[in-house]
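K.L.:
So I've got this file, start_29.csv, and it contains CSV, C-alpha atoms:
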```csv
chain,number,residue,atom,x,y,z
A,1,MET,CA,-42.6,-7.0,87.0
A,2,ALA,CA,-39.3,-8.2,88.4
A,3,ARG,CA,-38.3,-8.2,92.1
A,4,LEU,CA,-35.2,-6.2,92.6
A,5,LEU,CA,-32.5,-7.1,95.1
A,6,TYR,CA,-29.4,-5.0,95.8
A,7,CYS,CA,-26.3,-6.2,97.7
A,8,HIS,CA,-24.3,-3.6,99.5
A,9,CYS,CA,-21.3,-5.8,100.0
A,10,ALA,CA,-20.7,-4.1,103.3
A,11,TYR,CA,-17.7,-6.0,104.6
A,12,ALA,CA,-15.2,-5.7,101.7
A,13,GLN,CA,-14.2,-3.2,99.1
A,14,VAL,CA,-14.4,-5.7,96.2
A,15,VAL,CA,-17.4,-3.9,94.7
A,16,PRO,CA,-16.2,-0.4,93.8
A,17,PRO,CA,-17.9,2.0,96.3
A,18,SER,CA,-18.6,4.4,93.6
A,19,VAL,CA,-20.5,1.8,91.6
A,20,LYS,CA,-22.6,0.4,94.4
A,21,GLY,CA,-23.3,3.9,95.7
A,22,GLU,CA,-24.6,5.1,92.4
A,23,VAL,CA,-26.7,2.0,91.8
A,24,LEU,CA,-28.3,2.3,95.2
A,25,ARG,CA,-28.9,6.0,94.6
A,26,ARG,CA,-30.6,5.4,91.3
A,27,LEU,CA,-32.8,2.6,92.7
A,28,ALA,CA,-33.9,4.6,95.7
A,29,GLU,CA,-34.5,7.8,93.8
A,30,ALA,CA,-36.5,6.0,91.1
A,31,GLY,CA,-39.2,5.2,93.6
A,32,VAL,CA,-39.5,1.6,92.6
A,33,GLU,CA,-39.9,-1.1,95.2
A,34,PHE,CA,-36.8,-3.0,95.9
A,35,ASP,CA,-34.9,-5.0,98.6
A,36,ALA,CA,-31.4,-4.0,99.8
A,37,VAL,CA,-29.3,-6.3,101.9
A,38,PRO,CA,-26.1,-5.2,103.7
A,39,ASP,CA,-24.2,-8.3,102.5
A,40,LEU,CA,-25.4,-11.5,100.7
A,41,CYS,CA,-22.4,-13.3,102.1
A,42,GLU,CA,-23.5,-12.5,105.6
A,43,LEU,CA,-27.0,-13.7,105.0
A,44,SER,CA,-25.7,-16.9,103.4
A,45,ALA,CA,-23.3,-17.5,106.3
A,46,ARG,CA,-26.2,-17.2,108.8
A,47,ARG,CA,-28.4,-19.4,106.6
A,48,ASP,CA,-30.9,-16.5,106.9
A,49,PRO,CA,-34.4,-17.7,106.1
A,50,GLN,CA,-35.0,-14.5,104.3
A,51,LEU,CA,-32.9,-15.9,101.4
A,52,ILE,CA,-35.4,-18.7,101.0
A,53,ALA,CA,-38.2,-16.1,100.5
A,54,LEU,CA,-36.0,-14.1,98.2
A,55,ALA,CA,-35.1,-17.1,96.1
A,56,ALA,CA,-38.8,-17.9,95.6
A,57,GLU,CA,-39.6,-14.4,94.2
A,58,GLU,CA,-40.8,-14.4,90.7
A,59,GLY,CA,-38.4,-12.7,88.2
A,60,LEU,CA,-35.7,-11.9,90.7
A,61,ARG,CA,-33.0,-9.5,89.4
A,62,ILE,CA,-30.0,-9.2,91.7
A,63,ALA,CA,-27.3,-6.5,91.6
A,64,ALA,CA,-24.3,-8.0,93.4
A,65,CYS,CA,-21.1,-9.7,92.2
A,66,TYR,CA,-20.2,-12.7,90.1
A,67,PRO,CA,-23.3,-14.8,89.2
A,68,ARG,CA,-21.5,-18.1,90.0
A,69,ALA,CA,-20.7,-16.7,93.5
A,70,VAL,CA,-24.2,-15.5,94.1
A,71,ARG,CA,-25.9,-18.7,93.0
A,72,TRP,CA,-23.7,-20.8,95.2
A,73,LEU,CA,-24.1,-18.4,98.2
A,74,PHE,CA,-27.9,-18.9,97.9
A,75,ALA,CA,-27.4,-22.7,97.6
A,76,ALA,CA,-25.1,-22.8,100.6
A,77,ALA,CA,-27.9,-21.2,102.6
A,78,GLY,CA,-30.4,-23.9,101.6
A,79,ALA,CA,-32.1,-21.4,99.2
A,80,PRO,CA,-31.1,-22.4,95.7
A,81,LEU,CA,-32.0,-20.0,93.0
A,82,PRO,CA,-34.1,-21.3,90.2
A,83,GLU,CA,-32.3,-22.0,87.0
A,84,ALA,CA,-34.5,-19.7,85.0
A,85,ASN,CA,-36.1,-16.3,85.5
A,86,VAL,CA,-33.3,-15.0,87.7
A,87,GLU,CA,-30.6,-12.6,86.6
A,88,VAL,CA,-27.5,-11.6,88.5
A,89,ILE,CA,-25.9,-8.3,87.5
A,90,ASN,CA,-22.2,-8.0,88.4
A,91,MET,CA,-21.3,-4.7,90.1
A,92,ARG,CA,-17.7,-5.7,90.3
A,93,VAL,CA,-17.2,-5.4,86.5
A,94,GLU,CA,-20.2,-3.5,85.1
A,95,SER,CA,-20.6,0.2,85.2
A,96,ALA,CA,-23.1,1.8,87.6
A,97,GLU,CA,-25.0,3.1,84.6
A,98,SER,CA,-25.3,-0.3,83.1
A,99,VAL,CA,-26.3,-2.0,86.3
A,100,ALA,CA,-28.9,0.6,87.3
A,101,SER,CA,-30.4,0.7,83.8
A,102,ARG,CA,-30.8,-3.0,83.7
A,103,MET,CA,-32.3,-3.1,87.2
A,104,LEU,CA,-34.8,-0.3,86.5
A,105,ALA,CA,-35.7,-1.8,83.1
A,106,ALA,CA,-36.7,-5.0,84.9
A,107,ALA,CA,-38.8,-3.0,87.3
A,108,ASP,CA,-40.6,-1.5,84.4
A,109,GLY,CA,-41.2,-5.0,83.0
A,110,GLU,CA,-38.7,-4.7,80.2
A,111,GLY,CA,-36.4,-7.5,79.4
A,112,SER,CA,-37.6,-9.8,82.1
A,113,PRO,CA,-34.9,-12.3,83.1
B,1,MET,CA,-23.5,-26.8,107.9
B,2,SER,CA,-23.3,-25.0,111.1
B,3,ALA,CA,-24.8,-21.5,111.6
B,4,PRO,CA,-22.1,-19.8,113.7
B,5,PHE,CA,-24.0,-16.5,113.9
B,6,ALA,CA,-27.5,-17.3,115.0
B,7,SER,CA,-29.3,-14.0,114.7
B,8,PRO,CA,-30.7,-13.2,111.2
B,9,THR,CA,-30.2,-9.9,109.5
B,10,LEU,CA,-32.8,-7.5,110.8
B,11,ARG,CA,-35.2,-6.2,108.2
B,12,VAL,CA,-36.5,-2.7,108.0
B,13,ILE,CA,-39.6,-2.0,105.9
B,14,LEU,CA,-39.4,1.6,104.6
B,15,ALA,CA,-42.9,2.3,103.5
B,16,ASP,CA,-43.7,5.4,101.5
B,17,GLY,CA,-47.3,6.4,101.7
B,18,SER,CA,-49.5,9.1,100.2
B,19,ALA,CA,-46.7,11.7,100.8
B,20,PRO,CA,-43.5,10.0,99.8
B,21,LEU,CA,-40.1,11.0,101.1
B,22,PRO,CA,-38.1,13.2,98.9
B,23,ALA,CA,-36.0,11.1,96.6
B,24,GLU,CA,-32.7,12.2,97.9
B,25,VAL,CA,-33.8,11.6,101.5
B,26,ARG,CA,-35.0,8.1,100.6
B,27,ALA,CA,-31.6,7.3,99.0
B,28,ALA,CA,-29.6,8.6,101.9
B,29,LEU,CA,-31.9,6.7,104.3
B,30,VAL,CA,-31.5,3.4,102.6
B,31,ALA,CA,-27.8,3.9,102.5
B,32,GLY,CA,-27.7,4.8,106.2
B,33,LEU,CA,-29.7,1.8,107.2
B,34,LEU,CA,-27.6,-0.6,105.1
B,35,GLY,CA,-24.5,1.0,106.7
B,36,ARG,CA,-25.9,0.0,110.1
B,37,GLY,CA,-26.4,-3.6,108.9
B,38,TYR,CA,-30.1,-3.6,108.4
B,39,ARG,CA,-31.8,-5.2,105.4
B,40,VAL,CA,-34.1,-2.6,103.8
B,41,SER,CA,-37.3,-3.3,101.9
B,42,TYR,CA,-38.6,-0.2,100.2
B,43,VAL,CA,-42.4,-0.4,99.5
B,44,ARG,CA,-45.0,1.9,98.2
B,45,ASP,CA,-48.3,1.9,100.1
B,46,THR,CA,-50.7,4.7,99.4
B,47,ALA,CA,-53.0,3.4,102.2
B,48,ILE,CA,-50.7,4.9,104.8
B,49,ASP,CA,-50.2,8.5,105.5
B,50,GLY,CA,-46.7,9.9,105.3
B,51,ALA,CA,-43.9,7.4,105.6
B,52,ARG,CA,-43.1,4.8,108.2
B,53,VAL,CA,-40.4,2.4,109.1
B,54,CYS,CA,-41.2,-1.1,110.5
B,55,LEU,CA,-38.6,-3.4,112.1
B,56,LEU,CA,-39.1,-7.1,111.3
B,57,PRO,CA,-36.7,-9.4,113.1
B,58,ALA,CA,-37.5,-12.6,111.3
B,59,ASP,CA,-35.9,-15.8,112.5
B,60,GLY,CA,-38.2,-18.2,110.7
B,61,SER,CA,-40.1,-19.1,113.8
B,62,SER,CA,-41.4,-15.9,115.2
B,63,MET,CA,-41.9,-12.4,114.1
B,64,THR,CA,-42.5,-9.2,116.0
B,65,GLU,CA,-43.2,-5.9,114.3
B,66,HIS,CA,-42.7,-2.4,115.3
B,67,SER,CA,-43.6,0.6,113.3
B,68,VAL,CA,-43.0,4.3,113.7
B,69,PRO,CA,-43.8,7.3,111.6
B,70,ILE,CA,-40.7,9.1,110.2
B,71,GLU,CA,-42.3,12.1,108.4
B,72,GLY,CA,-40.3,15.3,109.0
B,73,LEU,CA,-37.3,13.5,110.5
B,74,ASP,CA,-33.8,13.7,109.0
B,75,VAL,CA,-31.9,10.6,108.0
B,76,ASP,CA,-29.8,10.5,111.2
B,77,ALA,CA,-32.9,10.8,113.4
B,78,ILE,CA,-34.7,8.0,111.5
B,79,VAL,CA,-31.7,5.7,111.8
B,80,ALA,CA,-31.5,6.5,115.5
B,81,ARG,CA,-35.2,5.7,115.8
B,82,VAL,CA,-34.7,2.3,114.1
B,83,ASP,CA,-31.8,1.6,116.5
B,84,ALA,CA,-34.0,2.5,119.4
B,85,LEU,CA,-36.7,0.1,118.2
B,86,ARG,CA,-34.1,-2.6,117.9
B,87,ALA,CA,-32.8,-1.9,121.4
B,88,ALA,CA,-36.4,-1.8,122.8
B,89,CYS,CA,-36.9,-5.3,121.3
B,90,SER,CA,-33.6,-6.5,122.9
B,91,LEU,CA,-32.4,-7.5,119.4
B,92,PRO,CA,-28.7,-7.9,118.7
B,93,ALA,CA,-26.9,-5.2,116.8
B,94,PRO,CA,-26.6,-6.2,113.2
B,95,GLY,CA,-23.3,-6.7,111.3
B,96,GLY,CA,-19.9,-6.4,112.9
B,97,TRP,CA,-18.0,-9.3,111.3
B,98,LYS,CA,-16.5,-10.0,108.0
B,99,PRO,CA,-18.2,-12.9,106.2
B,100,TRP,CA,-15.2,-14.8,104.9
B,101,PHE,CA,-15.8,-18.5,104.3
B,102,PRO,CA,-15.6,-20.9,101.4
B,103,VAL,CA,-18.5,-21.6,99.2
B,104,ILE,CA,-18.5,-24.9,97.2
B,105,ASP,CA,-19.6,-24.9,93.6
B,106,TYR,CA,-21.1,-28.3,93.5
B,107,SER,CA,-21.4,-28.2,89.7
B,108,ARG,CA,-17.6,-28.5,89.7
B,109,CYS,CA,-16.8,-30.4,92.9
B,110,THR,CA,-15.9,-34.0,92.4
B,111,ASN,CA,-15.9,-34.8,96.2
B,112,CYS,CA,-12.2,-35.6,96.1
B,113,MET,CA,-11.8,-34.4,99.7
B,114,GLN,CA,-8.5,-32.5,99.1
B,115,CYS,CA,-10.0,-29.5,100.9
B,116,LEU,CA,-10.9,-31.6,103.9
B,117,SER,CA,-7.4,-33.1,104.0
B,118,PHE,CA,-5.7,-29.8,103.5
B,119,CYS,CA,-7.5,-27.4,105.8
B,120,LEU,CA,-5.9,-27.3,109.3
B,121,PHE,CA,-8.8,-25.5,110.9
B,122,ASP,CA,-11.6,-28.0,110.5
B,123,VAL,CA,-13.7,-25.8,108.2
B,124,TYR,CA,-14.8,-28.8,106.1
B,125,GLY,CA,-16.6,-31.9,107.0
B,126,VAL,CA,-18.5,-34.8,105.4
B,127,SER,CA,-22.3,-35.1,105.4
B,128,PRO,CA,-23.9,-38.3,106.5
B,129,GLU,CA,-24.2,-39.1,102.8
B,130,GLY,CA,-20.5,-38.8,102.3
B,131,LYS,CA,-20.5,-35.4,100.6
B,132,ILE,CA,-18.0,-32.7,101.3
B,133,GLN,CA,-19.5,-29.6,102.9
B,134,VAL,CA,-18.5,-26.5,104.8
B,135,GLN,CA,-19.3,-27.2,108.4
B,136,ASN,CA,-17.4,-24.7,110.5
B,137,GLN,CA,-17.4,-21.4,108.7
B,138,SER,CA,-16.3,-19.4,111.7
B,139,ASN,CA,-13.1,-21.4,111.8
B,140,CYS,CA,-12.0,-20.0,108.5
B,141,LYS,CA,-9.2,-17.5,108.6
B,142,THR,CA,-10.1,-14.1,107.1
B,143,ASP,CA,-8.5,-13.5,103.7
B,144,CYS,CA,-7.1,-17.0,103.5
B,145,PRO,CA,-8.0,-18.7,100.2
B,146,ALA,CA,-5.5,-21.5,100.5
B,147,CYS,CA,-8.1,-24.4,100.3
B,148,SER,CA,-9.3,-23.0,97.0
B,149,ARG,CA,-5.7,-23.1,95.8
B,150,VAL,CA,-5.5,-26.8,96.3
B,151,CYS,CA,-8.9,-27.6,94.8
B,152,PRO,CA,-8.1,-29.3,91.4
B,153,GLU,CA,-11.5,-28.3,90.0
B,154,VAL,CA,-11.5,-24.6,91.1
B,155,ALA,CA,-14.8,-25.5,92.9
B,156,ILE,CA,-14.1,-23.5,96.0
B,157,LEU,CA,-15.2,-19.9,96.0
B,158,PHE,CA,-14.4,-17.0,98.2
B,159,PRO,CA,-16.8,-14.3,96.9
B,160,LYS,CA,-14.8,-11.5,98.6
B,161,TYR,CA,-11.5,-12.6,97.2
B,162,ARG,CA,-9.8,-10.1,94.9
B,163,TYR,CA,-9.1,-12.3,91.9
B,164,GLY,CA,-10.8,-14.7,89.7
B,165,PRO,CA,-11.8,-17.4,89.4
B,166,ILE,CA,-11.7,-17.9,93.2
B,167,ASN,CA,-14.0,-14.9,93.5
B,168,GLY,CA,-16.7,-16.6,91.4
B,169,ASP,CA,-15.6,-15.3,88.0
B,170,GLU,CA,-16.1,-17.7,85.1
B,171,ILE,CA,-13.4,-20.3,84.7
B,172,ASP,CA,-11.4,-20.5,81.4
B,173,PRO,CA,-8.8,-23.1,80.4
B,174,GLU,CA,-6.0,-20.7,81.4
B,175,ASP,CA,-7.4,-20.5,84.9
B,176,LEU,CA,-7.5,-24.3,85.1
B,177,ARG,CA,-3.9,-24.6,84.0
B,178,ARG,CA,-2.8,-21.9,86.4
B,179,GLU,CA,-4.7,-23.4,89.3
B,180,ALA,CA,-3.3,-26.9,88.4
B,181,MET,CA,0.2,-25.5,88.7
B,182,LYS,CA,-0.6,-24.4,92.2
B,183,VAL,CA,-2.2,-27.7,93.1
B,184,ASP,CA,1.1,-29.2,92.0
B,185,ILE,CA,2.7,-27.7,95.0
B,186,SER,CA,1.4,-30.7,96.7
B,187,ALA,CA,2.6,-33.1,94.0
B,188,LEU,CA,6.0,-31.4,94.1
B,189,LEU,CA,6.2,-32.1,97.7
B,190,GLY,CA,5.5,-35.8,97.1
B,191,GLY,CA,1.8,-35.9,96.9
B,192,ASP,CA,1.1,-35.4,100.6
B,193,ILE,CA,1.9,-31.9,101.8
B,194,TYR,CA,1.8,-32.9,105.5
B,195,GLN,CA,4.1,-35.9,105.0
B,196,ALA,CA,6.4,-33.6,103.1
B,197,LEU,CA,6.4,-31.1,105.9
B,198,ARG,CA,7.1,-33.8,108.4
B,199,ASP,CA,9.9,-35.2,106.3
B,200,ARG,CA,11.4,-31.7,105.9
B,201,SER,CA,11.1,-31.1,109.6
B,202,ALA,CA,12.8,-34.4,110.3
B,203,ARG,CA,15.6,-33.6,107.9
B,204,ALA,CA,16.0,-30.2,109.3
B,205,LYS,CA,16.1,-31.6,112.9
B,206,SER,CA,18.7,-34.0,111.9
B,207,ARG,CA,20.8,-31.4,110.2
B,208,PHE,CA,20.4,-28.8,113.0
B,209,ALA,CA,21.2,-31.5,115.6
B,210,ARG,CA,24.5,-31.9,113.7
B,211,GLU,CA,25.1,-28.3,113.2
B,212,ARG,CA,23.8,-26.9,116.4
B,213,ASP,CA,22.8,-23.7,114.7
B,214,ASP,CA,19.6,-22.3,116.0
B,215,GLN,CA,19.8,-19.1,113.9
B,216,ARG,CA,20.1,-21.2,110.8
B,217,ALA,CA,17.1,-23.3,111.9
B,218,LEU,CA,15.1,-20.2,112.4
B,219,LYS,CA,16.0,-18.8,109.0
B,220,GLU,CA,15.2,-22.0,107.3
B,221,ARG,CA,11.8,-22.1,108.9
B,222,GLN,CA,11.0,-18.5,108.0
B,223,LYS,CA,12.1,-19.1,104.4
B,224,CYS,CA,9.8,-22.2,104.2
B,225,LEU,CA,6.8,-20.3,105.6
B,226,GLN,CA,7.3,-17.3,103.4
B,227,GLN,CA,7.4,-19.5,100.3
B,228,LEU,CA,4.2,-21.2,101.4
B,229,ARG,CA,2.6,-17.9,102.1
B,230,ARG,CA,3.5,-16.6,98.6
B,231,ASP,CA,2.3,-19.7,96.9
B,232,LEU,CA,-1.0,-19.9,98.6
B,233,ASP,CA,-1.6,-16.2,99.2
B,234,LEU,CA,-1.9,-16.7,102.9
B,235,PRO,CA,-2.3,-13.7,105.2
B,236,PRO,CA,0.3,-13.5,107.9
B,237,GLU,CA,-2.4,-14.1,110.5
B,238,VAL,CA,-2.9,-17.6,109.2
B,239,LEU,CA,0.7,-18.6,109.7
B,240,ALA,CA,0.6,-17.1,113.2
B,241,ALA,CA,-2.5,-19.2,114.0
B,242,LEU,CA,-1.1,-22.5,112.8
B,243,PRO,CA,-1.5,-25.3,115.3
B,244,THR,CA,1.6,-27.0,116.8
B,245,PRO,CA,3.2,-29.6,114.7
B,246,GLU,CA,1.7,-32.3,116.8
B,247,GLU,CA,-1.8,-30.9,116.5
B,248,MET,CA,-1.3,-30.4,112.8
B,249,ARG,CA,-0.2,-34.0,112.4
B,250,ALA,CA,-3.2,-35.2,114.4
B,251,ARG,CA,-5.7,-33.1,112.5
B,252,ALA,CA,-4.3,-34.0,109.1
B,253,GLU,CA,-4.4,-37.7,109.9
B,254,SER,CA,-8.0,-37.3,111.2
B,255,ALA,CA,-9.0,-35.4,108.2
B,256,MET,CA,-7.4,-37.8,105.8
B,257,ALA,CA,-9.1,-40.8,107.6
B,258,ARG,CA,-12.4,-39.1,107.3
B,259,ALA,CA,-11.8,-38.3,103.6
B,260,ARG,CA,-10.8,-41.9,102.9
B,261,ALA,CA,-13.8,-43.3,104.8
B,262,ALA,CA,-16.2,-40.9,103.1
B,263,THR,CA,-15.0,-41.8,99.6
B,264,ALA,CA,-14.7,-45.5,100.3
B,265,HIS,CA,-17.8,-46.0,102.6
B,266,PRO,CA,-19.8,-42.9,102.9
B,267,GLU,CA,-21.8,-44.1,105.9
B,268,ALA,CA,-18.7,-44.9,107.8
B,269,ALA,CA,-17.1,-41.5,108.0
B,270,PRO,CA,-15.7,-41.1,111.5
B,271,PRO,CA,-16.5,-37.9,113.5
B,272,PRO,CA,-13.9,-35.1,113.3
B,273,VAL,CA,-11.2,-34.7,115.9
B,274,SER,CA,-12.3,-32.4,118.7
B,275,GLU,CA,-10.7,-29.0,119.2
B,276,PRO,CA,-7.7,-29.2,121.6
```
Output the file's structure as structure tokens, nothing else.
P.N.:
Amino acid sequence: MARLLYCHCAYAQVVPPSVKGEVLRRLAEAGVEFDAVPDLCELSARRDPQLIALAAEEGLRIAACYPRAVRWLFAAAGAPLPEANVEVINMRVESAESVASRMLAAADGEGSP
Amino acid sequence: MSAPFASPTLRVILADGSAPLPAEVRAALVAGLLGRGYRVSYVRDTAIDGARVCLLPADGSSMTEHSVPIEGLDVDAIVARVDALRAACSLPAPGGWKPWFPVIDYSRCTNCMQCLSFCLFDVYGVSPEGKIQVQNQSNCKTDCPACSRVCPEVAILFPKYRYGPINGDEIDPEDLRREAMKVDISALLGGDIYQALRDRSARAKSRFARERDDQRALKERQKCLQQLRRDLDLPPEVLAALPTPEEMRARAESAMARARAATAHPEAAPPPVSEP
């Protein structure tokens, strides 16, 4: 089963509020275990040690923004993501339905990254 | 890299036990806690009765834990209870600042040091190994992506920027061509943007000395700054925060010396110039 991480991108409107709101609602209402952070950029800027623990999670699936940005945000915090077995789903360009479905499929063990 | 904001994001464990929260309450609660700046980990644990929230301020070296039952409370009351836990632990309020800073894509970076030479706010520095790095994030001017504009490899990201590829979007050949055109601002100015600005300033001084026309001088300066602002997508605040010409010259020379030293002899990179 994948570990789910959701970024709320709290300090900018670059992720459409309707998309992130709906993805969060779907995750929370599904009753699956997940982590939600206010802002991955903030954690990276603080070099928050929680990112190291998250990066070490098996089968991490992240709902955030562009994969290149997310990977280098983790790296900047001294918590590089592994090359394999991690998937970043982009809420800036994908629909809420698509993001939520892919996240929840991972929680069900389908299509592991 | 410095850590300008020392306290880590506070983590709230939302544990649903044998009688889980209603789905809509759970969703609203997670949203409410995120809105207050907490990280939320939702877990299922049938060993506990009802539902609880635990506050985990993790700083890597110590961890304290506080847990309270939340059954029967509405969302606002639960968030208030978490805030009270935080206050009781003398923990700082989370959030409250916009994380705007450059992130280097080292798979593209060639260590050319253009960003170090360009940035007037000492955001960049050189590691002991001679590698460019972001050292003073908090010096970065919110919404200013100018350093990414001068990066010839599109290796500098601002994840909260509006447009690709600076926001982390994949890079295509058209992006590279477009970014190269912007980089050529520097080339158009003679390869050294600061030298060009100095030359321009000297020419303007000479001309204004002849013409004794302060209004014209002001117009010329404003025109030049507006052009720079458009080309680099600078927010007005950045122009307002620019150092004096003397400080700018000193910083640019210091940065270029560090860049030259780092690329020639990595171990010999001199320390950055201190803040005035």
K.L.:
For chain B against chain A, with a cut-off of 8 Å and counting only C-alpha atoms, what is the closest atom pair and its distance in Å to one decimal for every residue that makes the cut, ordered by chain and number, as CSV?
P.N.:
```
residue,atom,partner,partner_atom,distance
B:Ala3,CA,A:Arg46,CA,5.3
B:Pro4,CA,A:Arg46,CA,6.9
B:Phe5,CA,A:Arg46,CA,5.6
B:Ala6,CA,A:Arg46,CA,6.3
B:Ser7,CA,A:Arg46,CA,7.4
B:Pro8,CA,A:Asp48,CA,5.4
B:Thr9,CA,A:Leu43,CA,6.7
B:Ala23,CA,A:Glu29,CA,4.6
B:Glu24,CA,A:Glu29,CA,6.3
B:Arg26,CA,A:Ala28,CA,6.1
B:Ala27,CA,A:Ala28,CA,4.8
B:Ala28,CA,A:Arg25,CA,7.8
B:Val30,CA,A:Ala28,CA,7.4
B:Ala31,CA,A:Leu24,CA,7.5
B:Leu34,CA,A:Pro38,CA,5.0
B:Gly35,CA,A:Pro38,CA,7.1
B:Gly37,CA,A:Pro38,CA,5.4
B:Tyr38,CA,A:Pro38,CA,6.4
B:Arg39,CA,A:Val37,CA,4.4
B:Val40,CA,A:Ala36,CA,5.0
B:Ser41,CA,A:Asp35,CA,4.4
B:Tyr42,CA,A:Glu33,CA,5.2
B:Val43,CA,A:Glu33,CA,5.0
B:Arg44,CA,A:Glu33,CA,6.6
B:Ala58,CA,A:Gln50,CA,7.7
B:Asp59,CA,A:Pro49,CA,6.8
B:Gly60,CA,A:Pro49,CA,6.0
B:Trp97,CA,A:Tyr11,CA,7.5
B:Lys98,CA,A:Tyr11,CA,5.4
B:Pro99,CA,A:Glu42,CA,5.3
B:Trp100,CA,A:Cys41,CA,7.9
B:Phe101,CA,A:Ala45,CA,7.8
B:Val103,CA,A:Leu73,CA,6.5
B:Ile104,CA,A:Trp72,CA,6.9
B:Asp105,CA,A:Trp72,CA,6.0
B:Gln137,CA,A:Ala45,CA,7.5
B:Leu157,CA,A:Ala69,CA,6.8
B:Phe158,CA,A:Ala69,CA,7.9
B:Pro159,CA,A:Ala69,CA,5.7
B:Lys160,CA,A:Val14,CA,6.3
B:Tyr161,CA,A:Val14,CA,7.6
B:Arg162,CA,A:Val14,CA,6.5
B:Asn167,CA,A:Ala69,CA,6.9
B:Gly168,CA,A:Ala69,CA,4.5
B:Asp169,CA,A:Tyr66,CA,5.7
B:Glu170,CA,A:Arg68,CA,7.3
```
K.L.:
Interatomic distance between atom CA of Ser18 of chain A and atom CA of Glu97 of chain A?
P.N.:
11.1 Å
K.L.:
Give the answer as one residue: which of B:Leu242, B:Ile156, B:Cys151, B:Cys89 has the shortest atom-to-atom distance to Val134 of chain B, using all atoms listed in the file?
P.N.:
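So, comparing all the options, the nearest one is B:Ile156.
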K.L.:
Pick out the closest residue to Pro236 of chain B from this set: B:Cys144, B:Leu55, B:Ala47, B:Val79. Count only C-alpha atoms.
P.N.:
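Ranked by minimum distance to Pro236 of chain B, first place goes to B:Cys144.
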K.L.:
Which value, in Å to one decimal, gives the distance between atom CA of Leu54 of chain A and atom CA of Pro22 of chain B?
P.N.:
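We find that atom CA of Leu54 of chain A and atom CA of Pro22 of chain B lie 27.4 Å from each other.
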K.L.:
Kindly give the distance, in Å, that separates atom CA of Ser148 of chain B and atom CA of Met248 of chain B, rounded to a single decimal.
P.N.:
19.2 Å
K.L.:
May I have the residues within 10 Å of Ala100 of chain A as a PyMOL selection string, using all atoms listed in the file and disregarding those fewer than 4 positions away in the same chain?
P.N.:
chain A and resi 19-20+22-27+63+89+91+94-96+104-106
K.L.:
Using only C-alpha atoms, find the one residue out of B:Leu29, B:Thr110, B:Cys115, B:Pro128 that sits nearest to Asp76 of chain B.
P.N.:
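Of all the options, B:Leu29 lies closest to Asp76 of chain B.
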K.L.:
Find the residues around Asn139 of chain B up to 7 Å (all atoms listed in the file counted), leave out those fewer than 3 positions away in its own chain, and share them as a ChimeraX atom specification.
P.N.:
/B:121-123,136
K.L.:
Near Glu57 of chain A, within 12 Å and counting all atoms listed in the file, which residues show up once chain neighbours fewer than 6 positions away are dropped, as a PyMOL selection string?
P.N.:
chain A and resi 1-5+34-35+50-51+79-82+84-87
